[in-house]
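coords01.pdb (PDB, N, CA and C atoms)
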ATOM      1  N   MET R   6       4.896  74.362 -12.735
ATOM      2  CA  MET R   6       3.714  74.706 -13.498
ATOM      3  C   MET R   6       4.055  74.800 -14.978
ATOM      4  N   ALA R   7       3.250  74.227 -15.747
ATOM      5  CA  ALA R   7       3.461  74.279 -17.192
ATOM      6  C   ALA R   7       2.878  75.571 -17.760
ATOM      7  N   VAL R   8       3.611  76.169 -18.672
ATOM      8  CA  VAL R   8       3.147  77.384 -19.330
ATOM      9  C   VAL R   8       2.351  76.969 -20.554
ATOM     10  N   ARG R   9       1.145  77.449 -20.622
ATOM     11  CA  ARG R   9       0.260  77.070 -21.716
ATOM     12  C   ARG R   9       0.133  78.238 -22.699
ATOM     13  N   ALA R  10       0.312  77.949 -23.947
ATOM     14  CA  ALA R  10       0.201  78.984 -24.976
ATOM     15  C   ALA R  10      -1.270  79.315 -25.221
ATOM     16  N   ALA R  11      -1.538  80.570 -25.442
ATOM     17  CA  ALA R  11      -2.914  80.997 -25.715
ATOM     18  C   ALA R  11      -3.305  80.567 -27.119
ATOM     19  N   ILE R  12      -4.503  80.076 -27.242
ATOM     20  CA  ILE R  12      -5.015  79.648 -28.539
ATOM     21  C   ILE R  12      -6.066  80.664 -28.976
ATOM     22  N   TYR R  13      -5.810  81.265 -30.116
ATOM     23  CA  TYR R  13      -6.726  82.270 -30.632
ATOM     24  C   TYR R  13      -7.463  81.721 -31.845
ATOM     25  N   ARG R  14      -8.732  81.997 -31.895
ATOM     26  CA  ARG R  14      -9.547  81.602 -33.032
ATOM     27  C   ARG R  14      -9.442  82.671 -34.100
ATOM     28  N   LYS R  15      -9.191  82.269 -35.315
ATOM     29  CA  LYS R  15      -9.048  83.214 -36.413
ATOM     30  C   LYS R  15     -10.404  83.817 -36.763
ATOM     31  N   LYS R  16     -10.429  85.139 -36.883
ATOM     32  CA  LYS R  16     -11.683  85.807 -37.230
ATOM     33  C   LYS R  16     -11.975  85.619 -38.715
ATOM     34  N   SER R  17     -13.234  85.491 -39.048
ATOM     35  CA  SER R  17     -13.600  85.388 -40.457
ATOM     36  C   SER R  17     -13.674  86.784 -41.050
ATOM     37  N   ASN R  18     -13.353  86.881 -42.308
ATOM     38  CA  ASN R  18     -13.329  88.166 -43.007
ATOM     39  C   ASN R  18     -14.766  88.631 -43.272
ATOM     40  N   PRO R  19     -15.203  89.740 -42.650
ATOM     41  CA  PRO R  19     -16.581  90.198 -42.875
ATOM     42  C   PRO R  19     -16.803  90.785 -44.264
ATOM     43  N   LEU R  20     -15.739  91.114 -44.979
ATOM     44  CA  LEU R  20     -15.869  91.712 -46.310
ATOM     45  C   LEU R  20     -15.617  90.711 -47.436
ATOM     46  N   LYS R  21     -15.498  89.438 -47.103
ATOM     47  CA  LYS R  21     -15.202  88.431 -48.122
ATOM     48  C   LYS R  21     -16.337  88.353 -49.136
ATOM     49  N   GLY R  22     -15.980  88.546 -50.388
ATOM     50  CA  GLY R  22     -16.954  88.479 -51.465
ATOM     51  C   GLY R  22     -17.764  89.750 -51.672
ATOM     52  N   LYS R  23     -17.550  90.772 -50.826
ATOM     53  CA  LYS R  23     -18.279  92.028 -50.964
ATOM     54  C   LYS R  23     -17.436  93.035 -51.737
ATOM     55  N   ASP R  24     -18.105  93.912 -52.454
ATOM     56  CA  ASP R  24     -17.421  94.952 -53.216
ATOM     57  C   ASP R  24     -17.131  96.137 -52.293
ATOM     58  N   ILE R  25     -15.873  96.537 -52.211
ATOM     59  CA  ILE R  25     -15.482  97.684 -51.401
ATOM     60  C   ILE R  25     -15.451  98.899 -52.314
ATOM     61  N   ASP R  26     -16.390  99.816 -52.091
ATOM     62  CA  ASP R  26     -16.530 100.976 -52.957
ATOM     63  C   ASP R  26     -16.554 102.242 -52.114
ATOM     64  N   TYR R  27     -15.880 103.278 -52.574
ATOM     65  CA  TYR R  27     -15.812 104.525 -51.819
ATOM     66  C   TYR R  27     -17.156 105.242 -51.758
ATOM     67  N   LYS R  28     -18.099 104.888 -52.621
ATOM     68  CA  LYS R  28     -19.408 105.537 -52.629
ATOM     69  C   LYS R  28     -20.382 104.923 -51.626
ATOM     70  N   ASN R  29     -20.020 103.764 -51.068
ATOM     71  CA  ASN R  29     -20.871 103.084 -50.093
ATOM     72  C   ASN R  29     -20.568 103.644 -48.697
ATOM     73  N   LYS R  30     -21.159 104.784 -48.403
ATOM     74  CA  LYS R  30     -20.889 105.509 -47.163
ATOM     75  C   LYS R  30     -21.272 104.709 -45.921
ATOM     76  N   LYS R  31     -22.376 104.030 -45.961
ATOM     77  CA  LYS R  31     -22.871 103.292 -44.796
ATOM     78  C   LYS R  31     -21.899 102.168 -44.408
ATOM     79  N   MET R  32     -21.376 101.452 -45.394
ATOM     80  CA  MET R  32     -20.442 100.367 -45.121
ATOM     81  C   MET R  32     -19.118 100.910 -44.592
ATOM     82  N   LEU R  33     -18.627 101.990 -45.164
ATOM     83  CA  LEU R  33     -17.339 102.559 -44.757
ATOM     84  C   LEU R  33     -17.382 103.120 -43.343
ATOM     85  N   GLU R  34     -18.509 103.698 -42.944
ATOM     86  CA  GLU R  34     -18.615 104.276 -41.606
ATOM     87  C   GLU R  34     -18.552 103.211 -40.512
ATOM     88  N   GLY R  35     -18.795 101.967 -40.857
ATOM     89  CA  GLY R  35     -18.675 100.882 -39.892
ATOM     90  C   GLY R  35     -17.235 100.543 -39.538
ATOM     91  N   TYR R  36     -16.300 101.024 -40.348
ATOM     92  CA  TYR R  36     -14.884 100.750 -40.128
ATOM     93  C   TYR R  36     -14.113 102.003 -39.734
ATOM     94  N   ILE R  37     -14.830 103.006 -39.220
ATOM     95  CA  ILE R  37     -14.211 104.244 -38.751
ATOM     96  C   ILE R  37     -14.639 104.464 -37.303
ATOM     97  N   THR R  38     -13.683 104.876 -36.452
ATOM     98  CA  THR R  38     -13.993 105.132 -35.050
ATOM     99  C   THR R  38     -14.746 106.448 -34.903
ATOM    100  N   GLU R  39     -15.156 106.759 -33.674
ATOM    101  CA  GLU R  39     -15.858 108.010 -33.404
ATOM    102  C   GLU R  39     -14.980 109.216 -33.694
ATOM    103  N   ARG R  40     -13.681 109.043 -33.531
ATOM    104  CA  ARG R  40     -12.735 110.138 -33.778
ATOM    105  C   ARG R  40     -12.354 110.255 -35.245
ATOM    106  N   GLY R  41     -12.791 109.326 -36.066
ATOM    107  CA  GLY R  41     -12.504 109.394 -37.494
ATOM    108  C   GLY R  41     -11.331 108.545 -37.930
ATOM    109  N   LYS R  42     -10.805 107.700 -37.049
ATOM    110  CA  LYS R  42      -9.674 106.850 -37.400
ATOM    111  C   LYS R  42     -10.175 105.544 -38.020
ATOM    112  N   ILE R  43      -9.346 104.975 -38.888
ATOM    113  CA  ILE R  43      -9.675 103.697 -39.508
ATOM    114  C   ILE R  43      -9.396 102.576 -38.508
ATOM    115  N   ILE R  44     -10.352 101.690 -38.320
ATOM    116  CA  ILE R  44     -10.207 100.575 -37.367
ATOM    117  C   ILE R  44      -9.202  99.574 -37.934
ATOM    118  N   PRO R  45      -8.203  99.137 -37.137
ATOM    119  CA  PRO R  45      -7.207  98.187 -37.637
ATOM    120  C   PRO R  45      -7.813  96.809 -37.923
ATOM    121  N   SER R  46      -7.142  96.088 -38.805
ATOM    122  CA  SER R  46      -7.663  94.786 -39.233
ATOM    123  C   SER R  46      -7.647  93.756 -38.111
ATOM    124  N   ARG R  47      -6.751  93.891 -37.131
ATOM    125  CA  ARG R  47      -6.725  92.925 -36.029
ATOM    126  C   ARG R  47      -7.956  93.056 -35.153
ATOM    127  N   ILE R  48      -8.616  94.221 -35.165
ATOM    128  CA  ILE R  48      -9.851  94.429 -34.418
ATOM    129  C   ILE R  48     -11.064  94.038 -35.263
ATOM    130  N   SER R  49     -11.087  94.505 -36.514
ATOM    131  CA  SER R  49     -12.253  94.293 -37.367
ATOM    132  C   SER R  49     -12.299  92.903 -37.999
ATOM    133  N   GLY R  50     -11.140  92.226 -38.114
ATOM    134  CA  GLY R  50     -11.119  90.896 -38.699
ATOM    135  C   GLY R  50     -11.036  90.883 -40.207
ATOM    136  N   VAL R  51     -10.765  92.018 -40.818
ATOM    137  CA  VAL R  51     -10.669  92.122 -42.275
ATOM    138  C   VAL R  51      -9.300  91.604 -42.712
ATOM    139  N   SER R  52      -9.236  90.939 -43.870
ATOM    140  CA  SER R  52      -7.960  90.428 -44.374
ATOM    141  C   SER R  52      -7.052  91.587 -44.785
ATOM    142  N   GLN R  53      -5.762  91.311 -44.944
ATOM    143  CA  GLN R  53      -4.805  92.356 -45.296
ATOM    144  C   GLN R  53      -5.130  92.989 -46.640
ATOM    145  N   LYS R  54      -5.493  92.159 -47.583
ATOM    146  CA  LYS R  54      -5.814  92.655 -48.927
ATOM    147  C   LYS R  54      -7.037  93.568 -48.894
ATOM    148  N   ASP R  55      -8.079  93.137 -48.182
ATOM    149  CA  ASP R  55      -9.295  93.938 -48.088
ATOM    150  C   ASP R  55      -9.084  95.177 -47.222
ATOM    151  N   GLN R  56      -8.177  95.095 -46.223
ATOM    152  CA  GLN R  56      -7.889  96.252 -45.381
ATOM    153  C   GLN R  56      -7.250  97.370 -46.210
ATOM    154  N   ARG R  57      -6.369  97.010 -47.128
ATOM    155  CA  ARG R  57      -5.752  98.012 -48.005
ATOM    156  C   ARG R  57      -6.797  98.653 -48.905
ATOM    157  N   LYS R  58      -7.701  97.834 -49.455
ATOM    158  CA  LYS R  58      -8.773  98.366 -50.305
ATOM    159  C   LYS R  58      -9.709  99.260 -49.491
ATOM    160  N   LEU R  59     -10.008  98.842 -48.268
ATOM    161  CA  LEU R  59     -10.884  99.598 -47.383
ATOM    162  C   LEU R  59     -10.274 100.946 -47.033
ATOM    163  N   ALA R  60      -8.990 100.963 -46.691
ATOM    164  CA  ALA R  60      -8.303 102.211 -46.350
ATOM    165  C   ALA R  60      -8.287 103.161 -47.539
ATOM    166  N   GLN R  61      -8.041 102.630 -48.730
ATOM    167  CA  GLN R  61      -8.026 103.464 -49.933
ATOM    168  C   GLN R  61      -9.419 104.034 -50.214
ATOM    169  N   ALA R  62     -10.457 103.224 -50.024
ATOM    170  CA  ALA R  62     -11.828 103.687 -50.255
ATOM    171  C   ALA R  62     -12.218 104.765 -49.248
ATOM    172  N   ILE R  63     -11.809 104.604 -47.983
ATOM    173  CA  ILE R  63     -12.113 105.605 -46.959
ATOM    174  C   ILE R  63     -11.408 106.911 -47.280
ATOM    175  N   LYS R  64     -10.148 106.838 -47.692
ATOM    176  CA  LYS R  64      -9.392 108.044 -48.038
ATOM    177  C   LYS R  64     -10.005 108.755 -49.242
ATOM    178  N   ARG R  65     -10.464 107.995 -50.216
ATOM    179  CA  ARG R  65     -11.125 108.604 -51.385
ATOM    180  C   ARG R  65     -12.429 109.290 -50.986
ATOM    181  N   ALA R  66     -13.200 108.615 -50.150
ATOM    182  CA  ALA R  66     -14.478 109.182 -49.706
ATOM    183  C   ALA R  66     -14.251 110.449 -48.889
ATOM    184  N   ARG R  67     -13.200 110.483 -48.080
ATOM    185  CA  ARG R  67     -12.866 111.688 -47.310
ATOM    186  C   ARG R  67     -12.472 112.826 -48.239
ATOM    187  N   HIS R  68     -11.664 112.509 -49.237
ATOM    188  CA  HIS R  68     -11.177 113.539 -50.152
ATOM    189  C   HIS R  68     -12.318 114.167 -50.948
ATOM    190  N   ILE R  69     -13.273 113.361 -51.351
ATOM    191  CA  ILE R  69     -14.424 113.859 -52.111
ATOM    192  C   ILE R  69     -15.402 114.607 -51.211
ATOM    193  N   GLY R  70     -15.460 114.218 -49.938
ATOM    194  CA  GLY R  70     -16.354 114.889 -49.008
ATOM    195  C   GLY R  70     -17.541 114.058 -48.576
ATOM    196  N   LEU R  71     -17.543 112.766 -48.892
ATOM    197  CA  LEU R  71     -18.636 111.893 -48.477
ATOM    198  C   LEU R  71     -18.560 111.574 -46.996
ATOM    199  N   ILE R  72     -17.330 111.464 -46.464
ATOM    200  CA  ILE R  72     -17.095 111.157 -45.055
ATOM    201  C   ILE R  72     -16.231 112.271 -44.476
ATOM    202  N   PRO R  73     -16.571 112.767 -43.290
ATOM    203  CA  PRO R  73     -15.732 113.815 -42.687
ATOM    204  C   PRO R  73     -14.392 113.244 -42.196
ATOM    205  N   PHE R  74     -13.357 114.073 -42.213
ATOM    206  CA  PHE R  74     -12.060 113.657 -41.685
ATOM    207  C   PHE R  74     -12.147 113.456 -40.174
ATOM    208  N   VAL R  75     -12.787 114.417 -39.475
ATOM    209  CA  VAL R  75     -12.958 114.358 -38.028
ATOM    210  C   VAL R  75     -14.415 114.688 -37.740
ATOM    211  N   ARG R  76     -14.992 113.972 -36.806
ATOM    212  CA  ARG R  76     -16.397 114.242 -36.449
ATOM    213  C   ARG R  76     -16.465 115.458 -35.530
ATOM    214  N   ASN R  77     -17.491 116.258 -35.674
ATOM    215  CA  ASN R  77     -17.616 117.506 -34.900
ATOM    216  C   ASN R  77     -18.269 117.317 -33.534
ATOM    217  N   ASN R  78     -18.917 116.207 -33.298
ATOM    218  CA  ASN R  78     -19.676 116.026 -32.048
ATOM    219  C   ASN R  78     -18.825 115.391 -30.948
ATOM    220  N   LEU R  79     -17.639 115.925 -30.724
ATOM    221  CA  LEU R  79     -16.754 115.381 -29.686
ATOM    222  C   LEU R  79     -16.876 116.139 -28.370
ATOM    223  N   GLY R  80     -17.953 116.770 -28.098
ATOM    224  CA  GLY R  80     -18.034 117.581 -26.912
ATOM    225  C   GLY R  80     -18.558 116.884 -25.767
TER     226      GLY R  80
END
Could you express the structure from this file as structure tokens?
Amino acid sequence: MAVRAAIYRKKSNPLKGKDIDYKNKKMLEGYITERGKIIPSRISGVSQKDQRKLAQAIKRARHIGLIPFVRNNLG
């Protein structure tokens, strides 16, 4: 039997050409899990450069208080 390598389709960057800003709460919440963790780029499809900008924006928004560190509705 021949072993066949898996072929993966490259995900397109959903943030390409968009401004990543820490004040855009609605956009940032799309990249945070229910537990408050940042979604990795291999899941979200964001490029490495944009993932770094996204992580920095989320951390800034958390520090200012726009986004909670941990969600309270985990019951």
Fewer than 4 positions away in the same chain doesn't count, so skip those; otherwise give me all residues within 8 Å of Asp55 in chain R, counting all atoms listed in the file, as a PyMOL selection string. chain R and resi 20-21+25+51+59-61
Residues around (-12.9, 103.2, -53.4), cut-off 5 Å, counting all atoms listed in the file - what are they as a PDB file with N, CA and C atoms, keeping the file's coordinate frame?
ATOM      1  N   ASP R  26     -16.390  99.816 -52.091  1.00  0.00           N
ATOM      2  CA  ASP R  26     -16.530 100.976 -52.957  1.00  0.00           C
ATOM      3  C   ASP R  26     -16.554 102.242 -52.114  1.00  0.00           C
ATOM      4  N   TYR R  27     -15.880 103.278 -52.574  1.00  0.00           N
ATOM      5  CA  TYR R  27     -15.812 104.525 -51.819  1.00  0.00           C
ATOM      6  C   TYR R  27     -17.156 105.242 -51.758  1.00  0.00           C
ATOM      7  N   GLN R  61      -8.041 102.630 -48.730  1.00  0.00           N
ATOM      8  CA  GLN R  61      -8.026 103.464 -49.933  1.00  0.00           C
ATOM      9  C   GLN R  61      -9.419 104.034 -50.214  1.00  0.00           C
ATOM     10  N   ALA R  62     -10.457 103.224 -50.024  1.00  0.00           N
ATOM     11  CA  ALA R  62     -11.828 103.687 -50.255  1.00  0.00           C
ATOM     12  C   ALA R  62     -12.218 104.765 -49.248  1.00  0.00           C
TER      13      ALA R  62
END
Tell me which of R:Tyr13, R:Glu39, R:Lys28, R:Arg47 sits closest to Arg67 in chain R, counting only C-alpha atoms.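 Residue with the minimum atom-to-atom distance to Arg67 in chain R: R:Lys28.
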Between CA of Met32 in chain R and atom N of Lys64 in chain R - distance in Å to one decimal: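 Here the two named atoms are 12.4 Å from each other.
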CA of Ile48 in chain R to CA of Glu34 in chain R, distance in Å rounded to a single decimal: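 Atom-to-atom, CA of Ile48 in chain R and CA of Glu34 in chain R are spaced 15.0 Å apart.
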How far is it from atom C of Ile44 in chain R to atom C of Asn18 in chain R, in Å with one decimal? 13.4 Å
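You can rank R:Lys23, R:Arg9, R:Arg14, R:Lys30 by their closest distance to Ala66 in chain R using all atoms listed in the file, and at the top of that list sits R:Lys30.
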